[in-house]
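**Student:** Structure file coords-v8.txt, compact mmCIF, C-alpha atoms and all ligand atoms, is pasted below:
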# COMPACT_ATOMS: atom_id res chain seq x y z
CA MET A 27 23.07 -36.94 -3.22
CA MET A 28 21.80 -37.74 0.27
CA ILE A 29 24.36 -38.88 2.79
CA VAL A 30 22.54 -40.75 5.53
CA MET A 31 24.53 -40.77 8.76
CA LYS A 32 24.42 -43.59 11.29
CA ALA A 33 22.15 -43.07 14.31
CA GLU A 34 25.24 -42.96 16.53
CA ALA A 35 27.22 -40.55 14.30
CA THR A 36 28.97 -37.82 16.30
CA GLU A 37 28.92 -34.06 15.63
CA GLU A 38 32.59 -34.27 14.57
CA GLN A 39 31.82 -36.99 12.03
CA ILE A 40 28.93 -34.93 10.61
CA GLU A 41 31.16 -31.87 10.40
CA ALA A 42 33.90 -33.86 8.70
CA VAL A 43 31.49 -35.02 5.99
CA VAL A 44 30.20 -31.47 5.51
CA ARG A 45 33.78 -30.21 5.07
CA ARG A 46 34.63 -32.89 2.52
CA VAL A 47 31.50 -32.10 0.49
CA GLU A 48 32.30 -28.39 0.55
CA ASP A 49 35.93 -29.01 -0.37
CA VAL A 50 34.83 -30.36 -3.76
CA GLY A 51 32.74 -27.24 -4.43
CA CYS A 52 29.32 -28.67 -3.45
CA SER A 53 27.04 -27.31 -0.75
CA ALA A 54 26.02 -29.38 2.26
CA HIS A 55 22.59 -29.05 3.89
CA VAL A 56 22.28 -30.81 7.20
CA SER A 57 18.84 -32.03 8.19
CA SER A 58 18.62 -33.51 11.68
CA GLY A 59 15.59 -35.73 12.17
CA GLU A 60 14.52 -37.37 15.40
CA VAL A 61 16.80 -40.36 14.87
CA LEU A 62 18.94 -39.80 11.81
CA THR A 63 20.94 -36.96 10.38
CA VAL A 64 20.91 -36.61 6.62
CA ILE A 65 23.32 -34.40 4.70
CA GLY A 66 22.11 -33.20 1.32
CA ALA A 67 25.15 -32.76 -0.93
CA ILE A 68 24.02 -30.41 -3.67
CA GLY A 69 26.17 -29.94 -6.73
CA ASP A 70 27.96 -32.17 -9.19
CA ARG A 71 26.96 -35.78 -8.42
CA ASP A 72 30.19 -37.25 -9.81
CA ARG A 73 32.30 -35.13 -7.51
CA VAL A 74 30.36 -36.25 -4.44
CA GLN A 75 30.64 -39.84 -5.64
CA SER A 76 34.41 -39.42 -6.11
CA LEU A 77 34.78 -38.66 -2.39
CA GLY A 78 34.13 -42.32 -1.61
CA LEU A 79 32.06 -41.43 1.42
CA GLU A 80 30.62 -44.93 1.74
CA GLY A 81 32.40 -46.39 4.72
CA ALA A 82 33.61 -43.00 6.02
CA PRO A 83 33.32 -42.64 9.83
CA GLY A 84 29.68 -42.14 10.83
CA VAL A 85 28.27 -42.60 7.30
CA ASP A 86 25.60 -45.27 6.88
CA HIS A 87 24.80 -45.07 3.17
CA LEU A 88 24.38 -42.74 0.18
CA VAL A 89 21.15 -42.30 -1.78
CA PRO A 90 20.82 -40.28 -5.01
CA ILE A 91 17.98 -37.73 -5.01
CA LEU A 92 16.08 -38.54 -8.15
CA LYS A 93 14.00 -35.37 -8.56
CA PRO A 94 15.43 -32.25 -10.21
CA TYR A 95 14.62 -30.33 -7.02
CA LYS A 96 16.59 -31.69 -4.09
CA LEU A 97 16.04 -29.82 -0.82
CA ALA A 98 12.31 -29.44 -1.53
CA SER A 99 11.78 -33.12 -2.24
CA SER A 100 9.97 -35.39 0.21
CA GLN A 101 12.87 -37.76 -0.16
CA PHE A 102 15.25 -35.23 1.42
CA LYS A 103 13.20 -35.21 4.65
CA LYS A 104 12.56 -38.95 4.49
CA GLY A 105 8.81 -38.40 4.47
CA GLU A 106 8.77 -36.05 7.49
CA ARG A 107 6.69 -32.89 6.95
CA THR A 108 8.08 -29.43 7.59
CA VAL A 109 6.31 -27.44 10.29
CA LEU A 110 7.13 -23.73 10.30
CA GLU A 111 6.88 -21.63 13.43
CA ILE A 112 5.89 -18.06 12.67
CA GLY A 113 5.32 -15.67 15.55
CA GLY A 114 4.20 -18.53 17.77
CA ARG A 115 1.86 -20.03 15.14
CA GLU A 116 2.69 -23.36 13.57
CA VAL A 117 2.04 -24.15 9.92
CA GLY A 118 2.28 -27.59 8.37
CA ASN A 119 1.49 -31.20 9.20
CA GLU A 120 -1.48 -31.06 11.59
CA HIS A 121 -1.43 -27.26 11.90
CA PHE A 122 -3.72 -25.35 9.55
CA ALA A 123 -3.08 -21.62 9.06
CA LEU A 124 -5.89 -19.24 8.18
CA ILE A 125 -4.17 -16.19 6.68
CA ALA A 126 -6.60 -13.33 6.06
CA GLY A 127 -6.67 -9.63 5.30
CA PRO A 128 -7.13 -7.08 2.58
CA CYS A 129 -5.72 -7.39 -0.91
CA THR A 130 -3.98 -4.09 -0.42
CA VAL A 131 -3.40 -1.73 2.47
CA GLU A 132 -5.52 1.32 1.65
CA SER A 133 -5.88 3.34 4.84
CA ARG A 134 -5.37 3.19 8.60
CA ASP A 135 -9.07 2.60 9.35
CA GLN A 136 -9.44 -0.11 6.72
CA THR A 137 -6.29 -1.97 7.78
CA LEU A 138 -7.01 -1.86 11.50
CA GLU A 139 -10.68 -2.76 11.13
CA VAL A 140 -9.92 -5.80 8.99
CA ALA A 141 -6.99 -6.81 11.22
CA ARG A 142 -9.14 -6.69 14.38
CA CYS A 143 -11.87 -8.75 12.73
CA VAL A 144 -9.62 -11.52 11.46
CA ALA A 145 -7.66 -11.62 14.75
CA GLU A 146 -10.90 -12.07 16.73
CA ASN A 147 -12.02 -14.89 14.48
CA GLY A 148 -9.08 -17.24 14.54
CA ALA A 149 -6.76 -16.02 11.80
CA ALA A 150 -3.16 -17.08 12.33
CA MET A 151 -1.72 -14.21 10.28
CA LEU A 152 -2.70 -10.94 8.62
CA ARG A 153 -2.14 -10.51 4.90
CA GLY A 154 -1.99 -7.17 3.11
CA GLY A 155 -0.01 -5.78 0.20
CA ALA A 156 1.97 -2.55 0.35
CA TYR A 157 3.64 -3.24 -3.00
CA LYS A 158 1.10 -4.54 -5.53
CA PRO A 159 1.88 -6.38 -8.77
CA ARG A 160 -0.85 -4.92 -10.97
CA THR A 161 -1.47 -6.06 -14.52
CA SER A 162 -1.84 -2.45 -15.66
CA PRO A 163 0.83 0.12 -14.79
CA TYR A 164 -2.01 2.66 -14.51
CA SER A 165 -3.72 0.79 -11.64
CA PHE A 166 -3.05 1.58 -7.97
CA GLN A 167 0.42 0.23 -7.16
CA GLY A 168 0.14 0.11 -3.36
CA LEU A 169 1.01 2.56 -0.58
CA GLY A 170 4.63 1.37 -0.37
CA GLN A 171 6.41 2.45 2.81
CA GLU A 172 3.27 4.04 4.25
CA GLY A 173 1.53 0.69 3.75
CA LEU A 174 4.30 -1.09 5.63
CA ARG A 175 3.92 1.39 8.49
CA LEU A 176 0.18 0.66 8.72
CA LEU A 177 0.86 -3.09 8.75
CA GLN A 178 3.31 -2.54 11.61
CA GLU A 179 0.59 -0.73 13.56
CA ALA A 180 -1.88 -3.57 12.87
CA LYS A 181 0.70 -6.10 14.05
CA GLN A 182 1.35 -4.15 17.25
CA GLU A 183 -2.35 -3.88 18.02
CA THR A 184 -3.46 -7.43 17.20
CA GLY A 185 -0.25 -9.44 17.65
CA LEU A 186 -0.84 -11.08 14.26
CA PRO A 187 2.25 -11.93 12.21
CA ILE A 188 2.28 -10.12 8.85
CA VAL A 189 2.35 -11.64 5.36
CA THR A 190 3.21 -9.02 2.75
CA GLU A 191 4.63 -9.06 -0.75
CA VAL A 192 8.01 -7.91 -1.97
CA MET A 193 8.33 -7.30 -5.71
CA ASP A 194 11.81 -5.92 -6.00
CA VAL A 195 15.13 -6.76 -4.33
CA ARG A 196 15.59 -3.03 -3.62
CA ASP A 197 12.63 -3.12 -1.20
CA ILE A 198 13.68 -6.19 0.76
CA ASP A 199 15.17 -4.30 3.72
CA ASP A 200 12.06 -2.15 4.15
CA VAL A 201 9.72 -5.14 3.85
CA LEU A 202 11.75 -7.14 6.38
CA GLU A 203 11.09 -4.42 8.96
CA VAL A 204 7.49 -5.63 9.19
CA ALA A 205 7.05 -8.94 7.32
CA ASP A 206 7.02 -12.16 9.30
CA VAL A 207 6.40 -13.91 6.00
CA VAL A 208 7.51 -12.44 2.70
CA GLN A 209 5.13 -13.16 -0.15
CA VAL A 210 6.48 -13.71 -3.64
CA GLY A 211 3.63 -13.12 -6.06
CA ALA A 212 2.63 -15.37 -8.94
CA ARG A 213 4.19 -12.96 -11.45
CA ASN A 214 7.53 -13.17 -9.66
CA MET A 215 7.70 -16.93 -9.13
CA GLN A 216 10.57 -17.18 -11.59
CA ASN A 217 12.42 -14.04 -10.49
CA TYR A 218 15.43 -16.09 -9.48
CA SER A 219 17.58 -13.24 -8.19
CA LEU A 220 14.73 -12.17 -5.88
CA LEU A 221 14.29 -15.76 -4.65
CA SER A 222 18.01 -16.23 -3.95
CA GLU A 223 18.16 -12.93 -2.11
CA LEU A 224 15.17 -13.94 0.05
CA GLY A 225 16.91 -17.25 0.68
CA ARG A 226 19.83 -15.32 2.16
CA THR A 227 17.56 -13.33 4.51
CA GLY A 228 16.29 -16.46 6.25
CA ARG A 229 12.78 -14.95 6.63
CA PRO A 230 9.85 -17.30 5.88
CA VAL A 231 8.65 -17.06 2.27
CA LEU A 232 5.18 -17.69 0.82
CA LEU A 233 5.88 -18.60 -2.80
CA LYS A 234 2.91 -18.34 -5.13
CA ARG A 235 2.61 -20.55 -8.18
CA GLY A 236 3.04 -18.71 -11.47
CA LEU A 237 0.02 -18.28 -13.73
CA SER A 238 1.24 -20.98 -16.11
CA ALA A 239 3.81 -22.78 -13.99
CA THR A 240 3.96 -26.54 -13.60
CA LEU A 241 4.42 -28.04 -10.16
CA ASP A 242 7.99 -28.98 -11.07
CA GLU A 243 8.70 -25.34 -11.95
CA LEU A 244 7.17 -24.21 -8.65
CA LEU A 245 9.30 -26.69 -6.71
CA LEU A 246 12.45 -25.67 -8.59
CA ALA A 247 11.66 -22.03 -7.80
CA SER A 248 11.40 -22.92 -4.10
CA GLU A 249 14.80 -24.61 -4.41
CA TYR A 250 16.36 -21.17 -5.11
CA VAL A 251 15.28 -20.07 -1.61
CA LEU A 252 16.14 -23.35 0.10
CA LYS A 253 19.60 -23.65 -1.40
CA GLU A 254 20.64 -20.40 0.29
CA GLY A 255 19.96 -22.03 3.65
CA ASN A 256 16.41 -20.73 4.18
CA GLU A 257 14.24 -23.73 5.01
CA ALA A 258 11.11 -21.71 5.75
CA VAL A 259 9.15 -21.88 2.50
CA MET A 260 5.40 -22.32 2.00
CA LEU A 261 4.06 -23.06 -1.46
CA CYS A 262 0.83 -21.43 -2.60
CA GLU A 263 -1.62 -22.63 -5.23
CA ARG A 264 -3.57 -19.56 -6.40
CA GLY A 265 -5.15 -20.69 -9.65
CA ILE A 266 -3.65 -21.20 -13.08
CA ARG A 267 -4.51 -20.18 -16.63
CA THR A 268 -6.60 -22.70 -18.55
CA HIS A 269 -9.04 -22.38 -21.44
CA GLU A 270 -11.86 -21.63 -18.95
CA THR A 271 -13.04 -18.02 -18.84
CA ALA A 272 -16.10 -18.30 -16.56
CA TYR A 273 -13.99 -17.37 -13.54
CA ARG A 274 -10.64 -15.70 -12.94
CA PHE A 275 -8.27 -18.68 -12.75
CA THR A 276 -8.67 -22.44 -12.43
CA LEU A 277 -7.92 -23.41 -8.83
CA ASP A 278 -5.81 -26.53 -9.22
CA LEU A 279 -6.93 -28.54 -6.21
CA MET A 280 -5.04 -31.56 -7.54
CA ALA A 281 -1.90 -29.62 -6.68
CA ILE A 282 -2.63 -30.20 -2.98
CA PRO A 283 -2.29 -34.01 -2.76
CA VAL A 284 0.35 -34.05 -5.49
CA LEU A 285 2.55 -31.44 -3.79
CA ARG A 286 2.06 -33.17 -0.46
CA GLU A 287 3.50 -36.26 -2.06
CA LEU A 288 6.38 -34.51 -3.85
CA THR A 289 7.50 -32.14 -1.11
CA HIS A 290 7.72 -31.76 2.66
CA LEU A 291 6.94 -28.01 2.43
CA PRO A 292 3.55 -26.70 3.66
CA VAL A 293 0.95 -26.15 0.92
CA ILE A 294 -1.30 -23.08 1.18
CA VAL A 295 -4.26 -22.33 -1.10
CA ASP A 296 -5.43 -18.88 -2.21
CA PRO A 297 -9.06 -19.27 -3.29
CA SER A 298 -9.64 -15.50 -3.66
CA HIS A 299 -7.50 -14.84 -6.72
CA ALA A 300 -8.73 -18.00 -8.44
CA ALA A 301 -12.43 -17.37 -7.85
CA GLY A 302 -12.55 -13.63 -8.38
CA ARG A 303 -16.01 -13.59 -6.77
CA ARG A 304 -16.70 -13.86 -3.05
CA ASP A 305 -19.53 -16.40 -3.24
CA TRP A 306 -17.11 -18.87 -4.84
CA VAL A 307 -14.37 -18.26 -2.29
CA GLN A 308 -15.98 -20.17 0.58
CA PRO A 309 -16.70 -23.42 -1.31
CA MET A 310 -13.18 -23.47 -2.72
CA SER A 311 -11.69 -22.76 0.72
CA LEU A 312 -13.60 -25.71 2.14
CA ALA A 313 -12.53 -27.91 -0.75
CA ALA A 314 -8.89 -26.92 -0.17
CA ALA A 315 -9.13 -27.71 3.53
CA ALA A 316 -10.80 -31.05 2.79
CA ALA A 317 -8.09 -31.95 0.27
CA GLY A 318 -5.40 -31.54 2.92
CA ALA A 319 -4.08 -28.00 2.41
CA ASP A 320 -1.96 -26.68 5.28
CA GLY A 321 -3.75 -23.34 5.17
CA VAL A 322 -5.64 -20.80 3.11
CA ILE A 323 -4.82 -17.19 2.36
CA VAL A 324 -8.01 -15.24 1.81
CA GLU A 325 -8.93 -11.63 1.08
CA VAL A 326 -11.18 -9.78 3.55
CA HIS A 327 -12.43 -6.19 3.42
CA ASN A 328 -14.52 -3.99 5.71
CA GLU A 329 -16.15 -2.20 2.74
CA PRO A 330 -15.64 -4.49 -0.29
CA ASP A 331 -17.73 -2.25 -2.56
CA GLU A 332 -15.30 0.61 -1.94
CA ALA A 333 -12.11 -1.49 -2.17
CA ILE A 334 -9.35 -0.13 -4.39
CA CYS A 335 -8.56 -3.57 -5.69
CA ASP A 336 -10.09 -7.04 -5.71
CA GLY A 337 -13.29 -5.92 -3.91
CA PRO A 338 -15.58 -8.45 -5.66
CA GLN A 339 -13.62 -11.38 -4.25
CA ALA A 340 -13.20 -10.02 -0.71
CA ILE A 341 -15.13 -11.63 2.16
CA PRO A 342 -16.85 -8.78 4.05
CA THR A 343 -15.70 -8.48 7.68
CA GLY A 344 -19.33 -9.05 8.74
CA ARG A 345 -19.24 -12.53 7.22
CA PHE A 346 -15.74 -13.55 8.22
CA ALA A 347 -16.67 -15.22 11.53
CA GLU A 348 -19.01 -17.65 9.79
CA TYR A 349 -16.46 -18.24 7.01
CA ALA A 350 -13.66 -19.00 9.50
CA GLU A 351 -15.88 -21.38 11.48
CA GLN A 352 -16.72 -23.39 8.35
CA VAL A 353 -13.05 -23.61 7.34
CA ARG A 354 -12.10 -24.68 10.86
CA ARG A 355 -14.68 -27.48 10.79
CA ILE A 356 -13.52 -28.89 7.47
CA ALA A 357 -9.84 -28.59 8.44
CA ALA A 358 -10.69 -30.60 11.55
CA VAL A 359 -12.28 -33.31 9.39
CA ALA A 360 -8.98 -33.45 7.46
CA GLY A 361 -7.19 -33.96 10.80
CA LYS A 362 -5.93 -30.41 11.29
CA ASP A 363 -6.24 -27.76 14.00
CA LEU A 364 -6.52 -24.08 13.26
CA SER A 365 -3.12 -22.73 14.25
CA ARG A 366 -3.50 -19.82 16.66
CA VAL A 367 -1.99 -18.59 19.88
C1 LIG B 1 -2.14 -11.00 -3.94
O1 LIG B 1 -1.98 -11.90 -3.13
O2 LIG B 1 -2.69 -9.92 -3.65
C2 LIG B 1 -1.75 -11.23 -5.36
C3 LIG B 1 -1.57 -10.22 -6.18
O3 LIG B 1 -1.64 -12.53 -5.67
P1 LIG B 1 -1.02 -13.26 -6.99
O4 LIG B 1 0.43 -12.92 -7.01
O5 LIG B 1 -1.31 -14.70 -6.71
O6 LIG B 1 -1.78 -12.73 -8.17
MN MN B 2 -5.62 -9.34 -4.49
Can you dump the structure from the file as structure tokens?

**Tutor:**
Amino acid sequence: MMIVMKAEATEEQIEAVVRRVEDVGCSAHVSSGEVLTVIGAIGDRDRVQSLGLEGAPGVDHLVPILKPYKLASSQFKKGERTVLEIGGREVGNEHFALIAGPCTVESRDQTLEVARCVAENGAAMLRGGAYKPRTSPYSFQGLGQEGLRLLQEAKQETGLPIVTEVMDVRDIDDVLEVADVVQVGARNMQNYSLLSELGRTGRPVLLKRGLSATLDELLLASEYVLKEGNEAVMLCERGIRTHETAYRFTLDLMAIPVLRELTHLPVIVDPSHAAGRRDWVQPMSLAAAAAGADGVIVEVHNEPDEAICDGPQAIPTGRFAEYAEQVRRIAAVAGKDLSRV
């Protein structure tokens, strides 16, 4: 239930409503817009209704949230889009974030070389995995803590905020030492205990869509983070499983306008894992930008032929400047600026 407060409602009146909602065992999420404050009462609808809040001091009216996800729904923000601020870069609404870097952190030279290249060419953030969710348990699993240390060095040198994945709740503290954005991989989209735990940390989360997840399932997964009080969630379309086998995954570009209608959260697109081949990554990045994505997350490597994982889909550092320029141009056509400091 959404409790819409009057424009002139006082702090005390807002607090009084929050207390009454919490007293019946529901949680209250206060969202202060430019004019109005809205309190999302999440929990049993009948109990909130039984409070008789219509007519309470400062309350204007009550509106039921019709979607199964509440805090993620566009309705909750009354159509306003969320803009996240991450290390001085803005993401969302008119701010487009180019997030770039290697699939996995392999070595000091590789990480720093890629980081310098993407920093020089307009990337807003550096991506790189230290913990890798590999399909085979016999594949390289990431450098772990050593990988996190290398990301820290890259951050210190370039100033780029870091996006890196956490796979296990036991690694959250270590990952938080370096991550400005914590990535939850496609295979973990429905790891609800991990999502709730990340919600409690308050650190921005990039939540990837599961291989076979519907948009409703993705939005409900994001709700696990939001309901713990962490409002900093970006959703990521990275390709889904369909009958098509000519490429790695089907990049669901429809998800961009549909999610932008359903939710206020920023929508990021990962063309690399969908395409699986670098010459398909650029056209799909441009298509994502044209369709209104709030950013792309793309894999870049200094020596793609030698990469430990996902080399065929990595943009070589030598071609990244041209790639970034094209993405910037199309994002501008869609009314967005490349977010950078
Ligand atoms: C990744 O970003 O490196 C990755 C493994 O992505 P996904 O979880 O989308 O497969
Ligand atoms: Mn990868």

**Student:** Write as a PyMOL selection string the residues around ligand LIG 1 (chain B), taking 7 Å as the cut-off and counting all atoms listed in the file.

**Tutor:** chain A and resi 129-130+155+158-159+210-213+234+264+299

**Student:** With the cut-off set at 12 Å and counting all atoms listed in the file, tabulate each residue of chain A with an atom at most that distance from an atom of ligand MN 2 (chain B), showing the nearest atom pair and its distance in Å to one decimal, ordered by chain and increasing number, as JSON lines.

**Tutor:**
{"residue": "A:Ala126", "atom": "CA", "partner": "B:MN2", "partner_atom": "MN", "distance": 11.3}
{"residue": "A:Gly127", "atom": "CA", "partner": "B:MN2", "partner_atom": "MN", "distance": 9.9}
{"residue": "A:Pro128", "atom": "CA", "partner": "B:MN2", "partner_atom": "MN", "distance": 7.6}
{"residue": "A:Cys129", "atom": "CA", "partner": "B:MN2", "partner_atom": "MN", "distance": 4.1}
{"residue": "A:Thr130", "atom": "CA", "partner": "B:MN2", "partner_atom": "MN", "distance": 6.8}
{"residue": "A:Val131", "atom": "CA", "partner": "B:MN2", "partner_atom": "MN", "distance": 10.5}
{"residue": "A:Arg153", "atom": "CA", "partner": "B:MN2", "partner_atom": "MN", "distance": 10.1}
{"residue": "A:Gly154", "atom": "CA", "partner": "B:MN2", "partner_atom": "MN", "distance": 8.7}
{"residue": "A:Gly155", "atom": "CA", "partner": "B:MN2", "partner_atom": "MN", "distance": 8.1}
{"residue": "A:Ala156", "atom": "CA", "partner": "B:MN2", "partner_atom": "MN", "distance": 11.3}
{"residue": "A:Tyr157", "atom": "CA", "partner": "B:MN2", "partner_atom": "MN", "distance": 11.2}
{"residue": "A:Lys158", "atom": "CA", "partner": "B:MN2", "partner_atom": "MN", "distance": 8.3}
{"residue": "A:Pro159", "atom": "CA", "partner": "B:MN2", "partner_atom": "MN", "distance": 9.1}
{"residue": "A:Arg160", "atom": "CA", "partner": "B:MN2", "partner_atom": "MN", "distance": 9.2}
{"residue": "A:Thr161", "atom": "CA", "partner": "B:MN2", "partner_atom": "MN", "distance": 11.3}
{"residue": "A:Phe166", "atom": "CA", "partner": "B:MN2", "partner_atom": "MN", "distance": 11.7}
{"residue": "A:Gln167", "atom": "CA", "partner": "B:MN2", "partner_atom": "MN", "distance": 11.6}
{"residue": "A:Gly168", "atom": "CA", "partner": "B:MN2", "partner_atom": "MN", "distance": 11.1}
{"residue": "A:Thr190", "atom": "CA", "partner": "B:MN2", "partner_atom": "MN", "distance": 11.4}
{"residue": "A:Glu191", "atom": "CA", "partner": "B:MN2", "partner_atom": "MN", "distance": 10.9}
{"residue": "A:Gly211", "atom": "CA", "partner": "B:MN2", "partner_atom": "MN", "distance": 10.1}
{"residue": "A:Ala212", "atom": "CA", "partner": "B:MN2", "partner_atom": "MN", "distance": 11.1}
{"residue": "A:Arg264", "atom": "CA", "partner": "B:MN2", "partner_atom": "MN", "distance": 10.6}
{"residue": "A:Arg274", "atom": "CA", "partner": "B:MN2", "partner_atom": "MN", "distance": 11.7}
{"residue": "A:Asp296", "atom": "CA", "partner": "B:MN2", "partner_atom": "MN", "distance": 9.8}
{"residue": "A:Pro297", "atom": "CA", "partner": "B:MN2", "partner_atom": "MN", "distance": 10.6}
{"residue": "A:Ser298", "atom": "CA", "partner": "B:MN2", "partner_atom": "MN", "distance": 7.4}
{"residue": "A:His299", "atom": "CA", "partner": "B:MN2", "partner_atom": "MN", "distance": 6.2}
{"residue": "A:Ala300", "atom": "CA", "partner": "B:MN2", "partner_atom": "MN", "distance": 10.0}
{"residue": "A:Ala301", "atom": "CA", "partner": "B:MN2", "partner_atom": "MN", "distance": 11.1}
{"residue": "A:Gly302", "atom": "CA", "partner": "B:MN2", "partner_atom": "MN", "distance": 9.0}
{"residue": "A:Arg303", "atom": "CA", "partner": "B:MN2", "partner_atom": "MN", "distance": 11.5}
{"residue": "A:Ile323", "atom": "CA", "partner": "B:MN2", "partner_atom": "MN", "distance": 10.4}
{"residue": "A:Val324", "atom": "CA", "partner": "B:MN2", "partner_atom": "MN", "distance": 9.0}
{"residue": "A:Glu325", "atom": "CA", "partner": "B:MN2", "partner_atom": "MN", "distance": 6.9}
{"residue": "A:Val326", "atom": "CA", "partner": "B:MN2", "partner_atom": "MN", "distance": 9.8}
{"residue": "A:His327", "atom": "CA", "partner": "B:MN2", "partner_atom": "MN", "distance": 10.9}
{"residue": "A:Pro330", "atom": "CA", "partner": "B:MN2", "partner_atom": "MN", "distance": 11.9}
{"residue": "A:Ala333", "atom": "CA", "partner": "B:MN2", "partner_atom": "MN", "distance": 10.4}
{"residue": "A:Ile334", "atom": "CA", "partner": "B:MN2", "partner_atom": "MN", "distance": 9.9}
{"residue": "A:Cys335", "atom": "CA", "partner": "B:MN2", "partner_atom": "MN", "distance": 6.6}
{"residue": "A:Asp336", "atom": "CA", "partner": "B:MN2", "partner_atom": "MN", "distance": 5.2}
{"residue": "A:Gly337", "atom": "CA", "partner": "B:MN2", "partner_atom": "MN", "distance": 8.4}
{"residue": "A:Pro338", "atom": "CA", "partner": "B:MN2", "partner_atom": "MN", "distance": 10.1}
{"residue": "A:Gln339", "atom": "CA", "partner": "B:MN2", "partner_atom": "MN", "distance": 8.3}
{"residue": "A:Ala340", "atom": "CA", "partner": "B:MN2", "partner_atom": "MN", "distance": 8.5}
{"residue": "A:Ile341", "atom": "CA", "partner": "B:MN2", "partner_atom": "MN", "distance": 11.8}

**Student:** Would you list the residues near (-14.0, -25.7, 9.5) (no more than 12 Å away, in the coordinates of the file, using only C-alpha atoms) as JSON, numbers by chain?

**Tutor:** {"A": [122, 123, 124, 148, 308, 309, 311, 312, 313, 314, 315, 316, 321, 322, 347, 348, 349, 350, 351, 352, 353, 354, 355, 356, 357, 358, 359, 360, 361, 362, 363, 364]}

**Student:** Go through A:Thr63, A:Asn147, A:Ser53, A:Gln216 one by one, measure the shortest atom-to-atom distance of each to Lys32 of chain A using only C-alpha atoms, and give the residue with the smallest value.

**Tutor:**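 Residue with the minimum atom-to-atom distance to Lys32 of chain A: A:Thr63.
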
**Student:** Rank nothing, just name the residue among A:Ala319, A:Ser133, A:Val207, A:Arg142 nearest to Gly173 of chain A, using all atoms listed in the file.

**Tutor:**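 Ranked by minimum distance to Gly173 of chain A, first place goes to A:Ser133.
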
**Student:** When you look at Ile40 of chain A with a cut-off of 12 Å (counting all atoms listed in the file), what residues show up, excluding the ones that are within fewer than 6 positions of it in the same chain? I need them as an MDAnalysis selection string.

**Tutor:** chainID A and resid 29:34 46:47 54:58 62:66 79 82:86

**Student:** Report the distance between atom CA of Arg175 of chain A and atom CA of Leu220 of chain A in Å, rounded to one decimal place.

**Tutor:**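 Answer for the atom CA of Arg175 of chain A to atom CA of Leu220 of chain A separation: 22.5 Å.
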
**Student:** When you draw a straight line from atom CA of Ser238 of chain A to atom CA of Gly265 of chain A, how long is it in Å?

**Tutor:** 9.1 Å

**Student:** Counting all atoms listed in the file, what is within 12 Å of Leu186 of chain A, bar same-chain residues fewer than 6 positions away, as a PDB file with C-alpha atoms, in the frame of the given file?

**Tutor:**
ATOM      1  CA  ILE A 112       5.890 -18.060  12.670  1.00  0.00           C
ATOM      2  CA  GLY A 113       5.320 -15.670  15.550  1.00  0.00           C
ATOM      3  CA  GLY A 114       4.200 -18.530  17.770  1.00  0.00           C
ATOM      4  CA  ARG A 115       1.860 -20.030  15.140  1.00  0.00           C
ATOM      5  CA  ALA A 123      -3.080 -21.620   9.060  1.00  0.00           C
ATOM      6  CA  LEU A 124      -5.890 -19.240   8.180  1.00  0.00           C
ATOM      7  CA  ILE A 125      -4.170 -16.190   6.680  1.00  0.00           C
ATOM      8  CA  ALA A 126      -6.600 -13.330   6.060  1.00  0.00           C
ATOM      9  CA  GLY A 127      -6.670  -9.630   5.300  1.00  0.00           C
ATOM     10  CA  LEU A 138      -7.010  -1.860  11.500  1.00  0.00           C
ATOM     11  CA  VAL A 140      -9.920  -5.800   8.990  1.00  0.00           C
ATOM     12  CA  ALA A 141      -6.990  -6.810  11.220  1.00  0.00           C
ATOM     13  CA  ARG A 142      -9.140  -6.690  14.380  1.00  0.00           C
ATOM     14  CA  CYS A 143     -11.870  -8.750  12.730  1.00  0.00           C
ATOM     15  CA  VAL A 144      -9.620 -11.520  11.460  1.00  0.00           C
ATOM     16  CA  ALA A 145      -7.660 -11.620  14.750  1.00  0.00           C
ATOM     17  CA  GLU A 146     -10.900 -12.070  16.730  1.00  0.00           C
ATOM     18  CA  ASN A 147     -12.020 -14.890  14.480  1.00  0.00           C
ATOM     19  CA  GLY A 148      -9.080 -17.240  14.540  1.00  0.00           C
ATOM     20  CA  ALA A 149      -6.760 -16.020  11.800  1.00  0.00           C
ATOM     21  CA  ALA A 150      -3.160 -17.080  12.330  1.00  0.00           C
ATOM     22  CA  MET A 151      -1.720 -14.210  10.280  1.00  0.00           C
ATOM     23  CA  LEU A 152      -2.700 -10.940   8.620  1.00  0.00           C
ATOM     24  CA  ARG A 153      -2.140 -10.510   4.900  1.00  0.00           C
ATOM     25  CA  GLY A 154      -1.990  -7.170   3.110  1.00  0.00           C
ATOM     26  CA  LEU A 177       0.860  -3.090   8.750  1.00  0.00           C
ATOM     27  CA  GLN A 178       3.310  -2.540  11.610  1.00  0.00           C
ATOM     28  CA  GLU A 179       0.590  -0.730  13.560  1.00  0.00           C
ATOM     29  CA  ALA A 180      -1.880  -3.570  12.870  1.00  0.00           C
ATOM     30  CA  VAL A 204       7.490  -5.630   9.190  1.00  0.00           C
ATOM     31  CA  ALA A 205       7.050  -8.940   7.320  1.00  0.00           C
ATOM     32  CA  ASP A 206       7.020 -12.160   9.300  1.00  0.00           C
ATOM     33  CA  VAL A 207       6.400 -13.910   6.000  1.00  0.00           C
ATOM     34  CA  SER A 365      -3.120 -22.730  14.250  1.00  0.00           C
ATOM     35  CA  ARG A 366      -3.500 -19.820  16.660  1.00  0.00           C
ATOM     36  CA  VAL A 367      -1.990 -18.590  19.880  1.00  0.00           C
TER      37      VAL A 367
END

**Student:** Leaving out Leu110 of chain A and any residue of its chain fewer than 4 positions from it, which residues lie within 10 Å of it when counting only C-alpha atoms, given as number ranges by chain?

**Tutor:** A: 114-119, 121, 230, 257-260, 291-292
